[in-house]
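Visitor: Coordinates in run-v5.tsv, TSV, C-alpha atoms, are listed below.
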chain	number	residue	atom	x	y	z
A	1077	MET	CA	137.83	43.04	83.97
A	1078	SER	CA	137.39	41.13	87.20
A	1079	LEU	CA	134.11	42.93	87.85
A	1080	SER	CA	132.57	41.70	84.66
A	1081	THR	CA	132.93	38.02	85.49
A	1082	GLN	CA	130.29	38.10	88.24
A	1083	HIS	CA	127.79	40.26	86.41
A	1084	PRO	CA	128.30	39.77	82.69
A	1085	ALA	CA	126.88	43.14	81.79
A	1086	SER	CA	125.01	45.92	83.48
A	1087	GLU	CA	121.42	46.56	82.47
A	1088	SER	CA	122.32	49.44	80.20
A	1089	ALA	CA	125.31	47.70	78.64
A	1090	ARG	CA	123.16	44.92	77.28
A	1091	GLY	CA	121.61	47.16	74.68
A	1092	PRO	CA	118.29	46.32	73.10
A	1093	LEU	CA	118.61	42.53	73.41
A	1094	PRO	CA	116.69	42.10	76.71
A	1095	ARG	CA	113.87	44.24	75.38
A	1096	ILE	CA	113.74	42.30	72.13
A	1097	ALA	CA	113.79	39.03	74.08
A	1098	ALA	CA	110.93	40.14	76.34
A	1099	LEU	CA	108.93	41.33	73.34
A	1100	PHE	CA	109.51	38.07	71.51
A	1101	ALA	CA	108.55	36.01	74.57
A	1102	GLY	CA	105.31	37.98	74.90
A	1103	LEU	CA	104.51	37.66	71.21
A	1104	LEU	CA	105.16	33.91	71.27
A	1105	PHE	CA	103.09	33.52	74.43
A	1106	GLY	CA	100.24	35.45	72.83
A	1107	VAL	CA	100.35	33.38	69.64
A	1108	GLY	CA	100.21	30.26	71.80
A	1109	LEU	CA	97.18	31.56	73.69
A	1110	VAL	CA	95.30	32.29	70.45
A	1111	LEU	CA	96.24	28.96	68.89
A	1112	ALA	CA	95.22	27.15	72.08
A	1113	GLY	CA	91.77	28.74	72.09
A	1114	MET	CA	92.34	30.62	75.36
A	1115	THR	CA	91.27	33.93	73.80
A	1116	ASN	CA	87.83	32.52	73.08
A	1117	PRO	CA	85.75	33.05	76.26
A	1118	GLY	CA	83.17	30.51	75.07
A	1119	LYS	CA	85.88	27.89	74.85
A	1120	VAL	CA	87.16	28.66	78.34
A	1121	THR	CA	83.68	28.63	79.82
A	1122	ALA	CA	83.01	25.30	78.10
A	1123	PHE	CA	86.14	23.88	79.75
A	1124	LEU	CA	84.84	24.94	83.16
A	1125	ASP	CA	81.33	23.70	82.33
A	1126	LEU	CA	81.98	20.31	83.88
A	1127	PHE	CA	78.32	19.78	84.78
A	1128	GLY	CA	77.02	21.02	81.44
A	1129	ARG	CA	78.51	20.92	77.96
A	1130	TRP	CA	82.06	20.13	78.99
A	1131	ASP	CA	84.80	20.66	76.42
A	1132	PRO	CA	88.06	19.18	77.76
A	1133	SER	CA	90.26	20.91	75.13
A	1134	LEU	CA	91.94	23.29	77.56
A	1135	ALA	CA	93.28	20.39	79.59
A	1136	PHE	CA	95.40	19.71	76.51
A	1137	VAL	CA	96.68	23.29	76.63
A	1138	MET	CA	97.89	22.69	80.17
A	1139	MET	CA	99.46	19.37	79.17
A	1140	GLY	CA	101.30	20.94	76.22
A	1141	ALA	CA	102.48	23.97	78.17
A	1142	ILE	CA	103.58	22.12	81.30
A	1143	GLY	CA	105.11	19.28	79.29
A	1144	VAL	CA	107.34	21.60	77.29
A	1145	HIS	CA	108.13	24.01	80.13
A	1146	ALA	CA	108.93	21.34	82.72
A	1147	LEU	CA	111.24	19.66	80.23
A	1148	LEU	CA	113.12	22.83	79.28
A	1149	LEU	CA	113.22	24.41	82.72
A	1150	ARG	CA	115.72	21.96	84.21
A	1151	PRO	CA	118.55	22.54	81.72
A	1152	ILE	CA	117.84	26.29	81.70
A	1153	LEU	CA	118.12	26.60	85.48
A	1154	ARG	CA	121.43	24.72	85.40
A	1155	LEU	CA	123.01	27.64	83.54
A	1156	ARG	CA	125.10	30.09	85.53
A	1157	ASN	CA	122.84	32.99	84.63
A	1158	PRO	CA	120.17	33.93	82.07
A	1159	LEU	CA	121.31	35.24	78.69
A	1160	PHE	CA	120.40	38.87	79.37
A	1161	ALA	CA	120.10	39.18	83.15
A	1162	SER	CA	122.45	38.65	86.07
A	1163	SER	CA	120.47	35.96	87.89
A	1164	PHE	CA	117.48	33.66	87.81
A	1165	GLN	CA	114.58	34.83	89.99
A	1166	VAL	CA	112.38	31.86	90.80
A	1167	PRO	CA	109.69	32.21	93.50
A	1168	GLN	CA	111.00	30.66	96.73
A	1169	LYS	CA	107.91	30.97	98.87
A	1170	THR	CA	106.50	27.63	100.01
A	1171	SER	CA	103.89	28.58	102.63
A	1172	ILE	CA	100.30	27.81	101.79
A	1173	ASP	CA	98.34	30.56	103.49
A	1174	GLY	CA	94.85	32.04	103.44
A	1175	ARG	CA	96.01	34.75	101.11
A	1176	LEU	CA	96.99	32.25	98.42
A	1177	VAL	CA	93.79	30.22	98.72
A	1178	LEU	CA	91.41	33.19	98.96
A	1179	GLY	CA	93.15	34.93	96.07
A	1180	ALA	CA	93.04	31.85	93.86
A	1181	ALA	CA	89.38	31.29	94.79
A	1182	LEU	CA	88.45	34.85	93.80
A	1183	PHE	CA	90.45	34.55	90.59
A	1184	GLY	CA	88.57	31.36	89.73
A	1185	VAL	CA	85.23	33.13	90.22
A	1186	GLY	CA	86.34	35.87	87.82
A	1187	TRP	CA	87.69	33.33	85.35
A	1188	GLY	CA	84.37	31.49	85.40
A	1189	LEU	CA	82.28	34.65	85.09
A	1190	GLY	CA	84.02	35.99	82.01
A	1191	GLY	CA	85.98	33.09	80.52
A	1192	VAL	CA	89.05	35.29	80.44
A	1193	CYS	CA	92.32	35.21	82.37
A	1194	PRO	CA	94.97	37.96	82.31
A	1195	GLY	CA	97.02	36.89	79.26
A	1196	PRO	CA	94.12	36.29	76.89
A	1197	GLY	CA	92.51	39.48	78.21
A	1198	VAL	CA	95.50	41.59	77.18
A	1199	VAL	CA	95.83	39.81	73.80
A	1200	SER	CA	92.13	40.22	73.01
A	1201	ALA	CA	92.09	43.86	74.14
A	1202	ALA	CA	94.65	44.61	71.43
A	1203	SER	CA	92.30	43.12	68.87
A	1204	GLY	CA	89.86	45.90	69.75
A	1205	SER	CA	87.33	43.66	71.49
A	1206	GLY	CA	85.12	45.80	73.72
A	1207	TYR	CA	84.57	42.78	75.94
A	1208	ALA	CA	88.32	42.41	76.54
A	1209	LEU	CA	88.88	46.14	76.94
A	1210	VAL	CA	86.27	46.27	79.72
A	1211	PHE	CA	87.86	43.16	81.28
A	1212	VAL	CA	91.38	44.63	81.26
A	1213	ALA	CA	90.16	47.95	82.67
A	1214	THR	CA	88.40	46.34	85.61
A	1215	MET	CA	91.29	43.89	86.06
A	1216	ALA	CA	93.56	46.90	86.54
A	1217	ALA	CA	91.06	48.36	89.00
A	1218	GLY	CA	90.91	45.04	90.86
A	1219	ALA	CA	94.70	44.81	91.08
A	1220	LEU	CA	94.91	48.34	92.49
A	1221	LEU	CA	92.02	47.64	94.85
A	1222	GLU	CA	93.87	44.63	96.22
A	1223	GLY	CA	96.68	46.95	97.26
A	1224	ARG	CA	94.22	49.09	99.22
A	1225	LEU	CA	92.32	46.24	100.83
A	1226	PHE	CA	95.16	43.90	101.69
A	1227	ALA	CA	98.25	45.99	102.34
A	1228	ARG	CA	101.28	43.76	102.63
A	1229	LYS	CA	103.47	43.94	105.66
A	1230	ALA	CA	106.73	45.71	104.85
B	1387	MET	CA	82.74	26.94	68.14
B	1388	ASP	CA	82.87	25.08	71.41
B	1389	SER	CA	83.80	21.76	69.86
B	1390	PHE	CA	86.64	19.57	71.07
B	1391	THR	CA	89.99	20.73	69.62
B	1392	PRO	CA	92.72	18.63	71.26
B	1393	PHE	CA	95.39	19.13	68.59
B	1394	SER	CA	95.35	22.92	68.35
B	1395	ALA	CA	95.06	23.01	72.14
B	1396	LEU	CA	98.13	20.82	72.57
B	1397	ALA	CA	100.08	22.80	69.96
B	1398	GLY	CA	99.06	26.14	71.48
B	1399	GLY	CA	100.03	24.86	74.91
B	1400	ALA	CA	103.43	23.77	73.62
B	1401	VAL	CA	104.00	27.26	72.17
B	1402	ILE	CA	103.04	28.77	75.55
B	1403	GLY	CA	105.54	26.44	77.23
B	1404	LEU	CA	108.23	27.48	74.75
B	1405	ALA	CA	107.50	31.17	75.39
B	1406	ALA	CA	107.70	30.75	79.17
B	1407	SER	CA	110.97	28.83	78.75
B	1408	PHE	CA	112.43	31.50	76.48
B	1409	TYR	CA	111.52	34.21	79.01
B	1410	MET	CA	113.30	32.25	81.76
B	1411	LEU	CA	116.30	31.53	79.53
B	1412	SER	CA	116.74	35.12	78.38
B	1413	LEU	CA	115.67	37.18	81.40
B	1414	GLY	CA	115.55	34.67	84.25
B	1415	ARG	CA	111.98	35.50	85.20
B	1416	VAL	CA	108.71	33.63	85.54
B	1417	ALA	CA	106.25	34.44	82.77
B	1418	GLY	CA	103.38	35.14	85.14
B	1419	ILE	CA	101.15	37.54	83.30
B	1420	SER	CA	99.09	38.89	86.21
B	1421	GLY	CA	102.36	39.73	88.00
B	1422	ILE	CA	103.88	41.36	84.93
B	1423	PHE	CA	100.66	43.31	84.33
B	1424	ALA	CA	100.54	44.57	87.93
B	1425	SER	CA	104.21	45.54	87.97
B	1426	VAL	CA	103.79	47.61	84.82
B	1427	LEU	CA	100.52	49.07	86.11
B	1428	GLN	CA	101.97	50.22	89.41
B	1429	ARG	CA	105.14	51.66	87.99
B	1430	ARG	CA	103.49	53.69	85.27
B	1431	PRO	CA	102.19	56.85	86.97
B	1432	ALA	CA	105.30	58.98	87.14
B	1433	SER	CA	103.37	61.68	88.98
B	1434	GLU	CA	102.74	59.44	91.96
B	1435	SER	CA	104.65	59.92	95.17
B	1436	SER	CA	108.12	58.46	94.97
B	1437	ALA	CA	107.99	57.40	98.61
B	1438	PRO	CA	107.94	53.64	99.16
B	1439	SER	CA	104.36	52.54	98.83
B	1440	ASP	CA	102.70	50.74	101.69
B	1441	THR	CA	100.23	49.21	99.31
B	1442	ALA	CA	100.82	45.91	97.63
B	1443	SER	CA	103.43	45.83	94.96
B	1444	PRO	CA	104.59	42.70	93.22
B	1445	PRO	CA	107.85	41.30	94.55
B	1446	GLU	CA	110.30	43.51	92.72
B	1447	SER	CA	112.91	40.84	92.27
B	1448	LEU	CA	110.49	38.49	90.59
B	1449	THR	CA	109.33	40.88	87.92
B	1450	SER	CA	111.66	42.04	85.23
B	1451	SER	CA	111.96	45.68	84.30
B	1452	TYR	CA	111.29	44.43	80.80
B	1453	GLY	CA	107.74	43.36	81.63
B	1454	SER	CA	106.27	46.18	79.57
B	1455	TYR	CA	107.97	44.71	76.49
B	1456	PHE	CA	106.45	41.33	77.25
B	1457	LEU	CA	103.03	43.01	77.37
B	1458	ILE	CA	103.70	44.77	74.06
B	1459	GLY	CA	104.47	41.34	72.60
B	1460	LEU	CA	101.09	40.08	73.83
B	1461	LEU	CA	99.42	43.10	72.23
B	1462	LEU	CA	101.17	42.40	68.91
B	1463	ALA	CA	99.79	38.87	69.03
B	1464	GLY	CA	96.33	40.39	69.48
B	1465	PHE	CA	96.76	42.64	66.43
B	1466	ALA	CA	97.92	39.65	64.40
B	1467	ALA	CA	95.04	37.48	65.62
B	1468	ARG	CA	92.54	40.11	64.56
B	1469	MET	CA	93.84	39.85	61.00
B	1470	VAL	CA	94.50	36.12	60.82
B	1471	ALA	CA	92.06	34.44	63.20
B	1472	PRO	CA	89.23	36.82	64.18
B	1473	THR	CA	86.95	33.96	65.21
B	1474	SER	CA	89.37	32.98	67.97
B	1475	LEU	CA	88.70	36.29	69.75
B	1476	PRO	CA	85.75	37.39	71.92
B	1477	SER	CA	82.71	37.99	69.76
B	1478	GLY	CA	80.73	41.19	70.05
B	1479	THR	CA	77.74	39.45	71.58
B	1480	GLN	CA	79.03	38.76	75.08
B	1481	SER	CA	77.85	40.63	78.15
B	1482	LEU	CA	80.01	43.62	79.04
B	1483	LEU	CA	78.63	43.46	82.57
B	1484	LEU	CA	80.05	39.96	82.97
B	1485	ALA	CA	83.37	41.14	81.50
B	1486	GLY	CA	83.54	43.96	84.02
B	1487	ALA	CA	82.70	41.76	87.01
B	1488	SER	CA	85.09	39.11	85.76
B	1489	GLY	CA	88.00	41.55	85.45
B	1490	LEU	CA	87.47	42.91	88.95
B	1491	PHE	CA	87.62	39.44	90.51
B	1492	VAL	CA	90.57	38.43	88.33
B	1493	GLY	CA	92.56	41.57	89.14
B	1494	LEU	CA	91.93	41.31	92.87
B	1495	GLY	CA	92.29	37.55	93.13
B	1496	THR	CA	95.48	37.20	91.09
B	1497	ARG	CA	97.26	39.85	93.19
B	1498	LEU	CA	96.08	38.40	96.47
B	1499	GLY	CA	96.98	34.87	95.35
B	1500	SER	CA	100.22	35.94	93.61
B	1501	GLY	CA	99.44	34.46	90.23
B	1502	CYS	CA	97.05	33.32	87.55
B	1503	THR	CA	96.79	30.55	84.98
B	1504	SER	CA	100.25	31.36	83.64
B	1505	GLY	CA	102.20	31.99	86.84
B	1506	HIS	CA	100.65	29.21	88.91
B	1507	GLY	CA	99.04	26.98	86.29
B	1508	VAL	CA	101.90	26.75	83.80
B	1509	CYS	CA	105.11	28.03	85.40
B	1510	GLY	CA	104.42	26.91	88.97
B	1511	LEU	CA	103.19	23.45	88.09
B	1512	SER	CA	106.19	22.99	85.79
B	1513	ARG	CA	108.41	23.54	88.85
B	1514	PHE	CA	106.23	21.16	90.88
B	1515	SER	CA	105.46	24.00	93.30
B	1516	LYS	CA	103.02	22.94	96.01
B	1517	ARG	CA	101.75	26.51	96.37
B	1518	SER	CA	100.94	26.62	92.68
B	1519	LEU	CA	99.24	23.23	92.81
B	1520	VAL	CA	96.98	24.42	95.65
B	1521	ALA	CA	96.27	27.68	93.77
B	1522	THR	CA	95.52	25.89	90.49
B	1523	LEU	CA	93.19	23.35	92.08
B	1524	THR	CA	91.45	26.19	93.94
B	1525	PHE	CA	90.83	28.42	90.93
B	1526	MET	CA	89.77	25.46	88.83
B	1527	ALA	CA	87.26	24.48	91.51
B	1528	THR	CA	85.76	27.95	91.96
B	1529	GLY	CA	85.78	28.47	88.19
B	1530	ILE	CA	83.79	25.26	87.70
B	1531	LEU	CA	81.38	26.22	90.50
B	1532	THR	CA	80.92	29.70	89.03
B	1533	VAL	CA	80.09	28.32	85.58
B	1534	ALA	CA	77.72	25.81	87.18
B	1535	ALA	CA	76.02	28.72	88.96
B	1536	LEU	CA	75.80	30.71	85.71
B	1537	ARG	CA	74.20	27.68	84.11
B	1538	ALA	CA	71.78	27.24	87.01
B	1539	PHE	CA	70.69	30.87	86.67
B	1540	GLY	CA	70.22	30.45	82.94
B	1541	ALA	CA	73.09	32.72	81.97
B	1542	LEU	CA	74.62	30.05	79.71
B	1543	SER	CA	73.13	28.60	76.56
Using structure tokens, write down the structure from this file.

Guide:
Amino acid sequence: MSLSTQHPASESARGPLPRIAALFAGLLFGVGLVLAGMTNPGKVTAFLDLFGRWDPSLAFVMMGAIGVHALLLRPILRLRNPLFASSFQVPQKTSIDGRLVLGAALFGVGWGLGGVCPGPGVVSAASGSGYALVFVATMAAGALLEGRLFARKA
Amino acid sequence: MDSFTPFSALAGGAVIGLAASFYMLSLGRVAGISGIFASVLQRRPASESSAPSDTASPPESLTSSYGSYFLIGLLLAGFAARMVAPTSLPSGTQSLLLAGASGLFVGLGTRLGSGCTSGHGVCGLSRFSKRSLVATLTFMATGILTVAALRAFGALS
């Protein structure tokens, strides 16, 4: 009895609820991406086309997403623990290093080249788009390559 | 197709914010898709050596073991979009070469920089993280420069 107060339930004792929650979060996220226009590479490219035919729509996506998330995050993080996990895991790192900047710079180049970022890539791949399938395949290769090229210190 | 759509963009963004909030509320994790993708990717091959890898792996504590279910949810949204809103998806006319190059940079860059548009752009900025602000400004800048270069080389209409 006393054990269960600190950790409400072990992973296995929670049953299917965490899996259903994760699935629902992903589905909702994906629906949001489609609705927002993020799965349309032309739309994304047009947002980045500041010196050409700029379409500012995606700035509204950021406003909507950050507005809602920033508002809800505070009360959520005041809870003792998440509904289906023992603790909140929020990134604590604060250092701004070369790794962060170089990585973000390379990501931006890829984002500009294809008009796709990871979430929309996965969503679009499921729609059977050859474009997105190629993107997700090379994204996986790139992620694995990063492990080879820039091994983290243990 | 590339016309200004502020209302659907704002609504879609709000749904994304709700989804990220629900993920934090239920599982206590950041809905950073590049991180979730990489954690599922690197855990998958059961045949691989079980010895601790010296290659990069996402910070274990920050990715939920339920990440694969999050990805399945994204895939379900893709199936649904194909039926309901096919014009919102990549058309068949875009260059596969660009897609391939794009993916490689995105995969490498998001791992090196620990996040993408969702992890840094939405979740990080919502926490007022300075790291995420630097990352977001950086990938926006190189994204804009890349599109400007594509335009200069005549790769954009």

Visitor: Neighbours of B:Ala1527 within 9 Å (only C-alpha atoms; same-chain residues fewer than 2 positions away dropped), as a list in words?

Guide: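 Within the cut-off, the hits are Leu1124, Ala1181, Gly1184 and Val1185 of chain A; Thr1522, Leu1523, Thr1524, Phe1525, Gly1529, Ile1530, Leu1531 and Thr1532 of chain B.
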
Visitor: Which of these residues is nearest to B:Gly1507, using all atoms listed in the file: B:Val1520, B:Leu1483, B:Leu1457, B:Ala1471?

Guide: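 Closest to B:Gly1507 of all the choices is B:Val1520.
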
Visitor: Do a neighbour search on A:Asp1131 at 12 Å with all atoms listed in the file, toss out local chain neighbours closer than 5 positions, and write the hits as a list in words.

Guide: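 Everything that qualifies: Gly1113, Gly1118, Lys1119, Val1120, Thr1121, Ala1122, Phe1123, Leu1124, Asp1125, Leu1126 and Phe1136 of chain A; Met1387, Asp1388, Ser1389, Phe1390, Thr1391, Pro1392 and Ala1395 of chain B.
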
Visitor: Which residues come within 8 Å of B:Tyr1452, counting all atoms listed in the file, excluding same-chain residues fewer than 2 positions away, as a ChimeraX atom specification?

Guide: /A:1094-1095,1098 /B:1450,1454-1456

Visitor: When you count only C-alpha atoms, which of these residues is closest to A:Ala1219: A:Ala1202, A:Pro1196, A:Gln1165, A:Gly1179?

Guide: A:Gly1179
